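> This one is model-v4.cif, mmCIF, C-alpha atoms.
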```cif
data_entry
loop_
_atom_site.group_PDB
_atom_site.id
_atom_site.type_symbol
_atom_site.label_atom_id
_atom_site.label_comp_id
_atom_site.auth_asym_id
_atom_site.auth_seq_id
_atom_site.Cartn_x
_atom_site.Cartn_y
_atom_site.Cartn_z
ATOM 1 C CA MET A 16 35.893 57.276 168.947
ATOM 2 C CA ARG A 17 32.617 55.469 168.728
ATOM 3 C CA ASN A 18 31.382 58.069 166.222
ATOM 4 C CA LEU A 19 34.403 57.445 164.034
ATOM 5 C CA ILE A 20 33.802 53.703 164.025
ATOM 6 C CA LEU A 21 30.128 54.174 163.198
ATOM 7 C CA SER A 22 30.815 56.672 160.403
ATOM 8 C CA LEU A 23 33.564 54.571 158.765
ATOM 9 C CA PRO A 24 31.127 52.341 156.782
ATOM 10 C CA LEU A 25 29.295 55.446 155.599
ATOM 11 C CA LEU A 26 32.507 57.014 154.373
ATOM 12 C CA LEU A 27 33.506 53.869 152.518
ATOM 13 C CA ALA A 28 30.080 53.613 150.883
ATOM 14 C CA ALA A 29 30.270 57.175 149.619
ATOM 15 C CA VAL A 30 33.693 56.811 147.955
ATOM 16 C CA PRO A 31 32.457 55.170 144.711
ATOM 17 C CA ALA A 32 29.734 57.794 144.336
ATOM 18 C CA ALA A 33 32.179 60.649 144.913
ATOM 19 C CA ALA A 34 34.697 59.170 142.473
ATOM 20 C CA GLN A 35 32.153 58.842 139.692
ATOM 21 C CA THR A 36 32.942 60.901 136.610
ATOM 22 C CA TYR A 37 30.234 62.545 134.588
ATOM 23 C CA PRO A 38 30.196 62.226 130.817
ATOM 24 C CA ALA A 39 31.066 65.305 128.805
ATOM 25 C CA PRO A 40 28.053 67.116 127.364
ATOM 26 C CA MET A 41 27.145 66.045 123.856
ATOM 27 C CA PRO A 42 27.660 68.663 121.151
ATOM 28 C CA PRO A 43 24.380 69.717 119.529
ATOM 29 C CA ALA A 44 23.446 67.710 116.478
ATOM 30 C CA PRO A 45 23.433 69.629 113.209
ATOM 31 C CA VAL A 46 19.992 70.865 112.260
ATOM 32 C CA ALA A 47 18.574 69.001 109.301
ATOM 33 C CA VAL A 48 15.961 70.876 107.305
ATOM 34 C CA PRO A 49 13.167 68.483 106.280
ATOM 35 C CA PRO A 50 13.220 67.768 102.541
ATOM 36 C CA ALA A 51 9.563 68.805 102.190
ATOM 37 C CA ILE A 52 10.435 72.325 103.368
ATOM 38 C CA SER A 53 13.731 72.671 101.535
ATOM 39 C CA ASP A 54 12.267 71.534 98.199
ATOM 40 C CA PRO A 55 13.091 74.263 95.625
ATOM 41 C CA ALA A 56 9.705 73.735 93.929
ATOM 42 C CA LEU A 57 7.747 74.465 97.139
ATOM 43 C CA PRO A 58 7.479 78.255 96.687
ATOM 44 C CA GLU A 59 6.240 77.797 93.120
ATOM 45 C CA ARG A 60 3.630 75.285 94.277
ATOM 46 C CA LEU A 61 2.516 77.657 97.043
ATOM 47 C CA GLY A 62 2.071 80.442 94.492
ATOM 48 C CA ASN A 63 0.013 78.157 92.238
ATOM 49 C CA MET A 64 -2.109 77.055 95.183
ATOM 50 C CA THR A 65 -2.798 80.679 96.095
ATOM 51 C CA GLY A 66 -4.137 81.402 92.608
ATOM 52 C CA ALA A 67 -6.265 78.251 92.557
ATOM 53 C CA LEU A 68 -7.649 78.984 96.011
ATOM 54 C CA THR A 69 -8.561 82.543 95.026
ATOM 55 C CA ARG A 70 -10.305 81.391 91.860
ATOM 56 C CA GLY A 71 -12.182 78.766 93.865
ATOM 57 C CA LEU A 72 -13.367 81.372 96.353
ATOM 58 C CA MET A 73 -14.638 83.545 93.494
ATOM 59 C CA ASN A 74 -16.943 80.660 92.469
ATOM 60 C CA LEU A 75 -18.325 80.226 95.995
ATOM 61 C CA PRO A 76 -22.159 80.423 95.978
ATOM 62 C CA VAL A 77 -23.392 83.186 98.300
ATOM 63 C CA GLY A 78 -26.869 84.005 96.972
ATOM 64 C CA GLU A 79 -28.752 81.757 99.398
ATOM 65 C CA LEU A 80 -26.800 83.194 102.321
ATOM 66 C CA GLN A 81 -27.598 86.719 101.181
ATOM 67 C CA ALA A 82 -31.307 85.854 100.933
ATOM 68 C CA ALA A 83 -31.228 84.324 104.437
ATOM 69 C CA ILE A 84 -29.574 87.444 105.851
ATOM 70 C CA GLU A 85 -32.215 89.597 104.198
ATOM 71 C CA GLY A 86 -34.919 87.321 105.678
ATOM 72 C CA ARG A 87 -36.498 86.206 102.429
ATOM 73 C CA PRO A 88 -36.743 82.846 100.646
ATOM 74 C CA ALA A 89 -34.015 82.102 98.109
ATOM 75 C CA THR A 90 -34.942 82.310 94.439
ATOM 76 C CA PRO A 91 -33.293 80.332 91.632
ATOM 77 C CA ASN A 92 -31.280 83.469 90.779
ATOM 78 C CA ASP A 93 -30.089 83.632 94.396
ATOM 79 C CA ARG A 94 -28.965 80.008 94.283
ATOM 80 C CA ALA A 95 -26.868 80.717 91.184
ATOM 81 C CA ARG A 96 -25.207 83.917 92.540
ATOM 82 C CA THR A 97 -21.494 83.623 93.391
ATOM 83 C CA VAL A 98 -18.896 85.935 94.920
ATOM 84 C CA ARG A 99 -17.788 86.823 91.371
ATOM 85 C CA ASP A 100 -21.344 87.957 90.500
ATOM 86 C CA THR A 101 -21.661 89.947 93.708
ATOM 87 C CA ILE A 102 -18.490 91.928 92.989
ATOM 88 C CA GLY A 103 -19.637 92.763 89.453
ATOM 89 C CA ASP A 104 -16.208 93.659 88.055
ATOM 90 C CA PRO A 105 -15.685 92.660 84.384
ATOM 91 C CA TYR A 106 -11.898 92.648 84.899
ATOM 92 C CA LEU A 107 -12.025 90.635 88.107
ATOM 93 C CA ASP A 108 -10.223 87.582 86.694
ATOM 94 C CA GLN A 109 -7.308 89.684 85.460
ATOM 95 C CA ARG A 110 -7.033 91.580 88.745
ATOM 96 C CA VAL A 111 -7.241 88.383 90.794
ATOM 97 C CA ALA A 112 -4.591 86.728 88.616
ATOM 98 C CA ALA A 113 -2.274 89.735 89.034
ATOM 99 C CA GLU A 114 -2.828 89.800 92.805
ATOM 100 C CA ALA A 115 -2.281 86.033 93.051
ATOM 101 C CA ALA A 116 0.951 86.315 91.075
ATOM 102 C CA THR A 117 2.172 89.119 93.339
ATOM 103 C CA THR A 118 1.155 87.196 96.447
ATOM 104 C CA GLY A 119 2.760 84.050 95.041
ATOM 105 C CA ARG A 120 6.069 85.854 94.518
ATOM 106 C CA THR A 121 5.869 87.281 98.030
ATOM 107 C CA MET A 122 5.192 83.809 99.427
ATOM 108 C CA GLN A 123 8.086 82.410 97.411
ATOM 109 C CA ALA A 124 10.478 84.995 98.816
ATOM 110 C CA ALA A 125 9.191 84.439 102.359
ATOM 111 C CA THR A 126 9.538 80.667 102.010
ATOM 112 C CA ARG A 127 13.098 80.966 100.708
ATOM 113 C CA ALA A 128 14.010 83.284 103.587
ATOM 114 C CA LEU A 129 12.443 80.917 106.120
ATOM 115 C CA VAL A 130 14.229 77.871 104.713
ATOM 116 C CA SER A 131 17.591 79.641 104.698
ATOM 117 C CA SER A 132 17.184 80.893 108.283
ATOM 118 C CA LEU A 133 15.705 77.666 109.691
ATOM 119 C CA PRO A 134 19.048 76.191 110.876
ATOM 120 C CA ALA A 135 19.828 79.394 112.805
ATOM 121 C CA ILE A 136 16.336 79.449 114.304
ATOM 122 C CA MET A 137 16.597 75.795 115.359
ATOM 123 C CA GLY A 138 20.035 76.405 116.901
ATOM 124 C CA ALA A 139 18.690 79.380 118.861
ATOM 125 C CA LEU A 140 15.736 77.327 120.086
ATOM 126 C CA GLU A 141 18.076 74.559 121.209
ATOM 127 C CA GLY A 142 20.187 77.089 123.109
ATOM 128 C CA ALA A 143 17.059 78.547 124.707
ATOM 129 C CA ARG A 144 15.974 75.044 125.739
ATOM 130 C CA GLY A 145 19.299 74.486 127.482
ATOM 131 C CA GLU A 146 19.081 77.839 129.258
ATOM 132 C CA ILE A 147 15.531 77.097 130.422
ATOM 133 C CA GLU A 148 16.578 73.669 131.709
ATOM 134 C CA ARG A 149 19.465 75.235 133.663
ATOM 135 C CA ALA A 150 17.173 77.902 135.100
ATOM 136 C CA MET A 151 14.540 75.327 136.056
ATOM 137 C CA ALA A 152 17.182 73.240 137.850
ATOM 138 C CA THR A 153 17.873 76.100 140.262
ATOM 139 C CA ILE A 154 14.232 76.668 141.218
ATOM 140 C CA PRO A 155 13.516 75.167 144.632
ATOM 141 C CA ASN A 156 10.974 72.398 144.848
ATOM 142 C CA PRO A 157 7.876 73.741 146.665
ATOM 143 C CA THR A 158 7.026 70.265 147.972
ATOM 144 C CA TYR A 159 10.415 69.828 149.630
ATOM 145 C CA PRO A 160 10.066 70.029 153.417
ATOM 146 C CA VAL A 161 11.451 73.243 154.895
ATOM 147 C CA ARG A 162 13.250 73.004 158.237
#
```
If you took the structure in this file and wrote it as C-alpha cells, what would it be?

Amino acid sequence: MRNLILSLPLLLAAVPAAAQTYPAPMPPAPVAVPPAISDPALPERLGNMTGALTRGLMNLPVGELQAAIEGRPATPNDRARTVRDTIGDPYLDQRVAAEAATTGRTMQAATRALVSSLPAIMGALEGARGEIERAMATIPNPTYPVR
C-alpha cells in the first residue's frame, strides 16, 4: 500500500508526457534548381570558356622551363618559346578549335543532362539522409553505462 501511495505522484506526473502527440512529419520541400545552373545559356558559355582556355594554354611560355630542365641558362629564344611553338603543327589552331567545339558540345549535353536530373538526384539524397538518420538512431551510445 505504501508503494502505491509513493508511486501515485509519479504516475500523475507522467500522464501529460504520455498524452503528448507528436507532429506529423513534414513532406519534403520541392527541389529548386539554382538559376545559375538552370540558365539555358550556361552550356554555351562553358563551351566558349573551353575554347578560350585552350587557346590561352597554347600561348603559355615554356622555353625557360625547358632550359631549366635541361640544366642550361635560358636564351632570349627560350624566353619567347610557347606551347604552340613546341608542338610545331601549322594546323594547330584549326585542330584545337575543332576539338574545343567538340568538347564544348559534349559539355553542353552533359550540363543539360545534369540540370534535368538534378531534382531526382536531390530527392534521392534527401531520402538517403532520412535513412541514415533512422539507422543512426538505432545505434547504441557507447558512452551509455552498461549494467
> In terms of the shortest atom-to-atom distance over only C-alpha atoms, which of A:Arg127, A:Arg96, A:Arg120, A:Arg87 is closest to Gly66 in chain A?
A:Arg120
> How would you write, as a PyMOL selection string, the residues chosen by the PyMOL selection byres ((chain A and resi 59) around 12) on this structure?
chain A and resi 54-58+60-66+115-116+118-127
> Between CA of Leu107 in chain A and CA of Glu85 in chain A, what is the spacing in Å?
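These atoms are spaced 25.8 Å apart.
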> In Å to one decimal, how far is CA of Val130 in chain A from CA of Ala51 in chain A?
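Going from CA of Ala51 in chain A over to CA of Val130 in chain A, I get 10.5 Å.
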> Selection in question (the file shown): the PyMOL selection byres ((chain A and resi 74) around 8). Which residues does it include, as an MDAnalysis selection string?
chainID A and resid 70:73 75:76 97:99
> I'd like the interatomic distance between CA of Ala89 in chain A and CA of Thr69 in chain A, to a tenth of an Å.
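We find that CA of Ala89 in chain A and CA of Thr69 in chain A lie 25.6 Å from each other.
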> Find the smallest box with edges along x, y and z containing every listed atom of range 57-62 of chain A, then add 3 Å on each side and report centre and edge lengths in Å to one decimal, as JSON.

```
{"center_x": 4.9, "center_y": 77.5, "center_z": 95.1, "size_x": 11.7, "size_y": 12.0, "size_z": 10.0}
```
> Evaluated on this file, the PyMOL selection byres ((chain A and resi 91) around 12) picks out some residues - which ones are they, written as a PyMOL selection string?
chain A and resi 76+78-79+82+88-90+92-96
